[in-house]
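Asker: Data file data.txt (compact mmCIF, C-alpha atoms) is appended below.
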# COMPACT_ATOMS: atom_id res chain seq x y z
CA MET A 1 20.96 4.07 -14.38
CA THR A 2 23.31 1.42 -13.07
CA SER A 3 22.99 -2.04 -14.60
CA ALA A 4 22.72 -5.14 -12.48
CA SER A 5 25.64 -7.55 -12.29
CA ALA A 6 25.48 -10.80 -14.22
CA SER A 7 24.74 -12.76 -11.03
CA VAL A 8 21.83 -10.43 -10.10
CA ASN A 9 20.48 -10.65 -13.66
CA ALA A 10 20.64 -14.45 -13.48
CA ALA A 11 18.97 -14.61 -10.06
CA ASN A 12 16.19 -12.23 -11.14
CA ALA A 13 15.66 -14.12 -14.40
CA ASP A 14 15.40 -17.35 -12.43
CA LEU A 15 12.73 -15.81 -10.19
CA LEU A 16 10.77 -14.63 -13.22
CA GLU A 17 10.77 -18.19 -14.55
CA THR A 18 10.05 -20.04 -11.31
CA LEU A 19 7.59 -17.82 -9.41
CA PRO A 20 3.95 -17.63 -10.58
CA PHE A 21 3.95 -14.01 -11.75
CA ASP A 22 0.91 -14.68 -13.94
CA ASP A 23 -1.13 -15.39 -10.78
CA VAL A 24 -2.74 -12.06 -9.85
CA ALA A 25 -4.66 -13.29 -6.80
CA ASP A 26 -2.52 -11.15 -4.48
CA PHE A 27 -3.56 -8.02 -6.42
CA ASP A 28 -7.21 -9.08 -6.27
CA ASP A 29 -6.91 -9.79 -2.55
CA ALA A 30 -5.29 -6.40 -1.91
CA ARG A 31 -8.10 -4.58 -3.76
CA ARG A 32 -10.93 -6.53 -2.12
CA GLY A 33 -13.22 -4.41 0.03
CA PHE A 34 -12.05 -1.09 -1.42
CA VAL A 35 -14.29 1.73 -0.17
CA GLY A 36 -12.47 4.90 -1.27
CA THR A 37 -9.33 6.99 -1.02
CA LEU A 38 -7.92 10.48 -1.27
CA ASP A 39 -7.29 11.67 -4.80
CA PRO A 40 -4.48 12.50 -4.90
CA CYS A 41 -3.23 10.65 -1.82
CA VAL A 42 -1.20 13.57 -0.51
CA ILE A 43 -1.31 14.39 3.20
CA ARG A 44 -0.07 17.77 4.42
CA ALA A 45 0.80 19.23 7.79
CA ALA A 46 -0.95 22.36 9.05
CA ASP A 47 1.95 24.46 7.71
CA GLY A 48 1.42 23.03 4.20
CA ARG A 49 4.44 20.75 4.00
CA VAL A 50 3.86 17.31 2.54
CA VAL A 51 3.93 14.60 5.20
CA TRP A 52 2.97 11.71 2.89
CA ASP A 53 2.67 11.49 -0.88
CA ASN A 54 1.66 8.05 -2.08
CA ALA A 55 1.98 9.27 -5.68
CA SER A 56 5.73 9.12 -5.17
CA TYR A 57 5.35 5.36 -5.66
CA ARG A 58 4.05 5.72 -9.23
CA PHE A 59 7.51 4.68 -10.44
CA LEU A 60 6.40 1.12 -9.63
CA ALA A 61 4.24 1.01 -12.77
CA GLY A 62 5.49 -1.59 -15.21
CA ASP A 63 8.06 -4.30 -14.86
CA ALA A 64 10.88 -4.28 -12.36
CA PRO A 65 14.20 -2.93 -13.62
CA ASP A 66 16.98 -5.49 -13.83
CA THR A 67 18.53 -4.12 -10.64
CA VAL A 68 15.49 -5.06 -8.52
CA ASN A 69 14.25 -8.42 -7.33
CA PRO A 70 10.98 -8.86 -9.28
CA SER A 71 9.21 -10.43 -6.31
CA LEU A 72 10.05 -7.45 -4.09
CA TRP A 73 8.91 -5.10 -6.88
CA ARG A 74 5.58 -6.88 -7.03
CA GLN A 75 5.21 -6.73 -3.24
CA SER A 76 5.90 -2.99 -3.38
CA ILE A 77 3.12 -2.52 -5.96
CA VAL A 78 0.67 -4.25 -3.63
CA ASN A 79 1.91 -2.22 -0.64
CA ALA A 80 1.41 1.04 -2.55
CA MET A 81 -2.33 0.46 -3.03
CA ASP A 82 -3.99 3.13 -0.92
CA GLY A 83 -7.38 3.75 0.55
CA LEU A 84 -10.01 2.53 2.98
CA PHE A 85 -10.82 -1.18 2.77
CA GLU A 86 -13.51 -3.19 4.50
CA VAL A 87 -11.73 -6.36 5.63
CA VAL A 88 -14.89 -7.97 7.01
CA PRO A 89 -18.05 -6.29 8.30
CA GLY A 90 -17.01 -4.04 11.18
CA ILE A 91 -13.26 -4.16 10.49
CA TYR A 92 -11.67 -1.56 8.22
CA GLN A 93 -8.09 -0.73 7.24
CA VAL A 94 -6.58 2.37 5.74
CA ARG A 95 -3.55 1.44 3.66
CA GLY A 96 -1.01 3.49 1.76
CA PHE A 97 -1.32 6.58 3.97
CA ASP A 98 1.92 5.80 5.77
CA LEU A 99 4.57 3.10 6.10
CA SER A 100 2.10 1.03 8.10
CA ASN A 101 -1.63 0.38 8.02
CA ILE A 102 -4.26 1.52 10.50
CA THR A 103 -7.14 -0.76 11.45
CA PHE A 104 -10.52 0.26 12.85
CA VAL A 105 -12.54 -2.40 14.68
CA GLU A 106 -16.12 -1.40 15.35
CA GLY A 107 -17.45 -2.66 18.67
CA GLU A 108 -20.71 -2.29 20.54
CA THR A 109 -19.38 0.59 22.66
CA GLY A 110 -16.90 2.25 20.33
CA VAL A 111 -14.10 1.81 17.83
CA LEU A 112 -10.77 0.16 18.60
CA VAL A 113 -7.87 1.66 16.64
CA ILE A 114 -4.91 -0.63 15.98
CA ASP A 115 -1.55 0.82 14.87
CA PRO A 116 -2.28 4.55 14.66
CA LEU A 117 0.43 5.20 12.01
CA ILE A 118 3.64 7.21 12.42
CA SER A 119 2.42 10.81 12.26
CA ALA A 120 -0.53 12.75 13.58
CA GLU A 121 -1.29 14.01 10.07
CA THR A 122 -1.52 10.61 8.41
CA ALA A 123 -3.53 9.21 11.34
CA ALA A 124 -5.93 12.16 11.16
CA ALA A 125 -6.36 11.71 7.39
CA ALA A 126 -7.02 7.99 7.84
CA LEU A 127 -9.54 8.63 10.60
CA ALA A 128 -11.31 11.25 8.50
CA LEU A 129 -11.54 8.83 5.57
CA TYR A 130 -12.89 6.10 7.85
CA GLN A 131 -15.46 8.47 9.39
CA GLU A 132 -16.53 9.69 5.95
Please lay out the structure from this file as structure tokens.

Answerer:
Amino acid sequence: MTSASASVNAANADLLETLPFDDVADFDDARRGFVGTLDPCVIRAADGRVVWDNASYRFLAGDAPDTVNPSLWRQSIVNAMDGLFEVVPGIYQVRGFDLSNITFVEGETGVLVIDPLISAETAAAALALYQE
């Protein structure tokens, strides 16, 4: 693995000292309303090929390597949390099934879908989880 330059090491060390990394509220906020997920979170196409594998982000466990901005590492950990979440009653999001999130807003006459993800397979998996 390539080591970071002295200037990157210094900048990352400064971030570790100045940002409130002991504050875990963002992790708590990201987990709030968790309903369920796929286990494992692997989504396949009809032909069997993997379209999305959220387990590929397991490398984020632990501290950031010295070559990575620790704040961006932390943000990536939060972004990799997957599943169906109730945001507020009647509004649900599926996160970690794609590069974006999908939101379901329950109305009196139906469900509004916001940002239907980037592939039919991930959108179908998210919809199935929501409907479950």

Asker: Please report the interatomic distance between atom CA of A:Thr122 and atom CA of A:Phe34 in Å with one decimal.

Answerer: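 Going from atom CA of A:Thr122 over to atom CA of A:Phe34, I get 18.6 Å.
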
Asker: Please measure the separation of atom CA of A:Gly62 and atom CA of A:Ile43, giving the value in Å to one decimal.

Answerer: 25.3 Å

Asker: Using all atoms listed in the file, which residue out of A:Ile77, A:Leu38, A:Ala124, A:Ala64 lies closest to A:Val24?

Answerer: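 Of all the options, A:Ile77 lies closest to A:Val24.
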
Asker: Extract, using only C-alpha atoms, all DNA, RNA and protein residues at most 8 Å from A:Arg95, discarding same-chain residues fewer than 4 positions from it, and format them as a count of residues only.

Answerer: 10

Asker: Would you pick out the contacts of A:Val8 at 9 Å or less, using only C-alpha atoms, so that residues sharing its chain but fewer than 6 positions from it are not included, and give the list as a PyMOL selection string?

Answerer: chain A and resi 66-69

Asker: So how many Å separate atom CA of A:Ala126 and atom CA of A:Trp52, to one decimal?

Answerer: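 A separation of 11.8 Å between them.
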
Asker: Would you please work out which residue, of A:Tyr57, A:Phe27, A:Phe21, A:Phe104, is nearest to A:Ser71 when using only C-alpha atoms?

Answerer: A:Phe21

Asker: For A:Asp29, which of A:Ile118, A:Gly96, A:Gln131, A:Val87 is the closest residue, counting all atoms listed in the file?

Answerer: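 Closest residue, counting all atoms listed in the file: A:Val87.
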
Asker: Considering only C-alpha atoms, state which residue in the set A:Trp73, A:Val78, A:Val51, A:Asp39 is at the smallest distance from A:Ala25.

Answerer: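 Comparing A:Trp73, A:Val78, A:Val51, A:Asp39 against A:Ala25, the winner is A:Val78.
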
Asker: Taking into account only C-alpha atoms, which residue in the set A:Glu108, A:Ile114, A:Ala128, A:Glu121 is nearest to A:Val50?

Answerer: A:Glu121

Asker: With distances taken over all atoms listed in the file, which of A:Asp26, A:Ala11, A:Arg44, A:Val35 is nearest to A:Val94?

Answerer: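 The answer is A:Val35, which sits nearest to A:Val94.
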
Asker: Some atoms are absent from stretch 43-78 of chain A, so rebuild N, CA and C atoms and return them as a PDB file, keeping the file's coordinate frame.

Answerer:
ATOM      1  N   ILE A  43      -0.916  13.955   1.860  1.00  0.00           N
ATOM      2  CA  ILE A  43      -1.310  14.390   3.200  1.00  0.00           C
ATOM      3  C   ILE A  43      -0.330  15.475   3.629  1.00  0.00           C
ATOM      4  N   ARG A  44      -0.888  16.602   4.058  1.00  0.00           N
ATOM      5  CA  ARG A  44      -0.070  17.770   4.420  1.00  0.00           C
ATOM      6  C   ARG A  44      -0.207  18.095   5.903  1.00  0.00           C
ATOM      7  N   ALA A  45       0.829  18.703   6.435  1.00  0.00           N
ATOM      8  CA  ALA A  45       0.800  19.230   7.790  1.00  0.00           C
ATOM      9  C   ALA A  45       0.066  20.569   7.775  1.00  0.00           C
ATOM     10  N   ALA A  46      -0.241  21.082   8.944  1.00  0.00           N
ATOM     11  CA  ALA A  46      -0.950  22.360   9.050  1.00  0.00           C
ATOM     12  C   ALA A  46      -0.178  23.495   8.373  1.00  0.00           C
ATOM     13  N   ASP A  47       1.144  23.408   8.343  1.00  0.00           N
ATOM     14  CA  ASP A  47       1.950  24.460   7.710  1.00  0.00           C
ATOM     15  C   ASP A  47       2.077  24.273   6.190  1.00  0.00           C
ATOM     16  N   GLY A  48       1.421  23.234   5.638  1.00  0.00           N
ATOM     17  CA  GLY A  48       1.420  23.030   4.200  1.00  0.00           C
ATOM     18  C   GLY A  48       2.451  22.048   3.669  1.00  0.00           C
ATOM     19  N   ARG A  49       3.428  21.690   4.493  1.00  0.00           N
ATOM     20  CA  ARG A  49       4.440  20.750   4.000  1.00  0.00           C
ATOM     21  C   ARG A  49       3.829  19.370   3.806  1.00  0.00           C
ATOM     22  N   VAL A  50       4.354  18.648   2.838  1.00  0.00           N
ATOM     23  CA  VAL A  50       3.860  17.310   2.540  1.00  0.00           C
ATOM     24  C   VAL A  50       4.428  16.334   3.568  1.00  0.00           C
ATOM     25  N   VAL A  51       3.535  15.613   4.224  1.00  0.00           N
ATOM     26  CA  VAL A  51       3.930  14.600   5.200  1.00  0.00           C
ATOM     27  C   VAL A  51       3.975  13.234   4.521  1.00  0.00           C
ATOM     28  N   TRP A  52       3.029  12.981   3.605  1.00  0.00           N
ATOM     29  CA  TRP A  52       2.970  11.710   2.890  1.00  0.00           C
ATOM     30  C   TRP A  52       2.444  11.951   1.493  1.00  0.00           C
ATOM     31  N   ASP A  53       3.105  11.374   0.511  1.00  0.00           N
ATOM     32  CA  ASP A  53       2.670  11.490  -0.880  1.00  0.00           C
ATOM     33  C   ASP A  53       2.766  10.108  -1.515  1.00  0.00           C
ATOM     34  N   ASN A  54       1.643   9.405  -1.533  1.00  0.00           N
ATOM     35  CA  ASN A  54       1.660   8.050  -2.080  1.00  0.00           C
ATOM     36  C   ASN A  54       1.914   8.046  -3.583  1.00  0.00           C
ATOM     37  N   ALA A  55       1.682   9.183  -4.245  1.00  0.00           N
ATOM     38  CA  ALA A  55       1.980   9.270  -5.680  1.00  0.00           C
ATOM     39  C   ALA A  55       3.469   9.113  -5.961  1.00  0.00           C
ATOM     40  N   SER A  56       4.289   9.290  -4.956  1.00  0.00           N
ATOM     41  CA  SER A  56       5.730   9.120  -5.170  1.00  0.00           C
ATOM     42  C   SER A  56       6.082   7.670  -5.494  1.00  0.00           C
ATOM     43  N   TYR A  57       5.118   6.764  -5.329  1.00  0.00           N
ATOM     44  CA  TYR A  57       5.350   5.360  -5.660  1.00  0.00           C
ATOM     45  C   TYR A  57       4.871   4.998  -7.059  1.00  0.00           C
ATOM     46  N   ARG A  58       4.490   5.984  -7.851  1.00  0.00           N
ATOM     47  CA  ARG A  58       4.050   5.720  -9.230  1.00  0.00           C
ATOM     48  C   ARG A  58       5.157   5.092 -10.083  1.00  0.00           C
ATOM     49  N   PHE A  59       6.403   5.262  -9.680  1.00  0.00           N
ATOM     50  CA  PHE A  59       7.510   4.680 -10.440  1.00  0.00           C
ATOM     51  C   PHE A  59       7.406   3.155 -10.490  1.00  0.00           C
ATOM     52  N   LEU A  60       6.555   2.571  -9.655  1.00  0.00           N
ATOM     53  CA  LEU A  60       6.400   1.120  -9.630  1.00  0.00           C
ATOM     54  C   LEU A  60       5.592   0.584 -10.808  1.00  0.00           C
ATOM     55  N   ALA A  61       5.008   1.458 -11.605  1.00  0.00           N
ATOM     56  CA  ALA A  61       4.240   1.010 -12.770  1.00  0.00           C
ATOM     57  C   ALA A  61       5.176   0.264 -13.726  1.00  0.00           C
ATOM     58  N   GLY A  62       4.691  -0.825 -14.259  1.00  0.00           N
ATOM     59  CA  GLY A  62       5.490  -1.590 -15.210  1.00  0.00           C
ATOM     60  C   GLY A  62       6.346  -2.638 -14.540  1.00  0.00           C
ATOM     61  N   ASP A  63       7.207  -3.219 -15.335  1.00  0.00           N
ATOM     62  CA  ASP A  63       8.060  -4.300 -14.860  1.00  0.00           C
ATOM     63  C   ASP A  63       9.216  -3.771 -14.026  1.00  0.00           C
ATOM     64  N   ALA A  64       9.732  -4.639 -13.182  1.00  0.00           N
ATOM     65  CA  ALA A  64      10.880  -4.280 -12.360  1.00  0.00           C
ATOM     66  C   ALA A  64      12.110  -4.068 -13.229  1.00  0.00           C
ATOM     67  N   PRO A  65      12.924  -3.060 -12.904  1.00  0.00           N
ATOM     68  CA  PRO A  65      14.200  -2.930 -13.620  1.00  0.00           C
ATOM     69  C   PRO A  65      15.108  -4.095 -13.263  1.00  0.00           C
ATOM     70  N   ASP A  66      16.129  -4.322 -14.056  1.00  0.00           N
ATOM     71  CA  ASP A  66      16.980  -5.490 -13.830  1.00  0.00           C
ATOM     72  C   ASP A  66      17.775  -5.426 -12.536  1.00  0.00           C
ATOM     73  N   THR A  67      17.801  -4.270 -11.894  1.00  0.00           N
ATOM     74  CA  THR A  67      18.530  -4.120 -10.640  1.00  0.00           C
ATOM     75  C   THR A  67      17.685  -4.469  -9.415  1.00  0.00           C
ATOM     76  N   VAL A  68      16.419  -4.829  -9.632  1.00  0.00           N
ATOM     77  CA  VAL A  68      15.490  -5.060  -8.520  1.00  0.00           C
ATOM     78  C   VAL A  68      14.931  -6.479  -8.584  1.00  0.00           C
ATOM     79  N   ASN A  69      14.871  -7.113  -7.434  1.00  0.00           N
ATOM     80  CA  ASN A  69      14.250  -8.420  -7.330  1.00  0.00           C
ATOM     81  C   ASN A  69      12.783  -8.283  -7.762  1.00  0.00           C
ATOM     82  N   PRO A  70      12.349  -9.038  -8.778  1.00  0.00           N
ATOM     83  CA  PRO A  70      10.980  -8.860  -9.280  1.00  0.00           C
ATOM     84  C   PRO A  70       9.897  -9.205  -8.263  1.00  0.00           C
ATOM     85  N   SER A  71      10.186 -10.095  -7.342  1.00  0.00           N
ATOM     86  CA  SER A  71       9.210 -10.430  -6.310  1.00  0.00           C
ATOM     87  C   SER A  71       9.042  -9.268  -5.326  1.00  0.00           C
ATOM     88  N   LEU A  72      10.141  -8.621  -4.975  1.00  0.00           N
ATOM     89  CA  LEU A  72      10.050  -7.450  -4.090  1.00  0.00           C
ATOM     90  C   LEU A  72       9.361  -6.287  -4.794  1.00  0.00           C
ATOM     91  N   TRP A  73       9.583  -6.143  -6.098  1.00  0.00           N
ATOM     92  CA  TRP A  73       8.910  -5.100  -6.880  1.00  0.00           C
ATOM     93  C   TRP A  73       7.399  -5.307  -6.831  1.00  0.00           C
ATOM     94  N   ARG A  74       7.002  -6.544  -7.043  1.00  0.00           N
ATOM     95  CA  ARG A  74       5.580  -6.880  -7.030  1.00  0.00           C
ATOM     96  C   ARG A  74       4.971  -6.608  -5.647  1.00  0.00           C
ATOM     97  N   GLN A  75       5.679  -6.987  -4.598  1.00  0.00           N
ATOM     98  CA  GLN A  75       5.210  -6.730  -3.240  1.00  0.00           C
ATOM     99  C   GLN A  75       5.054  -5.225  -3.001  1.00  0.00           C
ATOM    100  N   SER A  76       5.967  -4.442  -3.538  1.00  0.00           N
ATOM    101  CA  SER A  76       5.900  -2.990  -3.380  1.00  0.00           C
ATOM    102  C   SER A  76       4.668  -2.413  -4.088  1.00  0.00           C
ATOM    103  N   ILE A  77       4.320  -2.973  -5.244  1.00  0.00           N
ATOM    104  CA  ILE A  77       3.120  -2.520  -5.960  1.00  0.00           C
ATOM    105  C   ILE A  77       1.887  -2.759  -5.098  1.00  0.00           C
ATOM    106  N   VAL A  78       1.803  -3.941  -4.496  1.00  0.00           N
ATOM    107  CA  VAL A  78       0.670  -4.250  -3.630  1.00  0.00           C
ATOM    108  C   VAL A  78       0.667  -3.316  -2.412  1.00  0.00           C
TER     109      VAL A  78
END
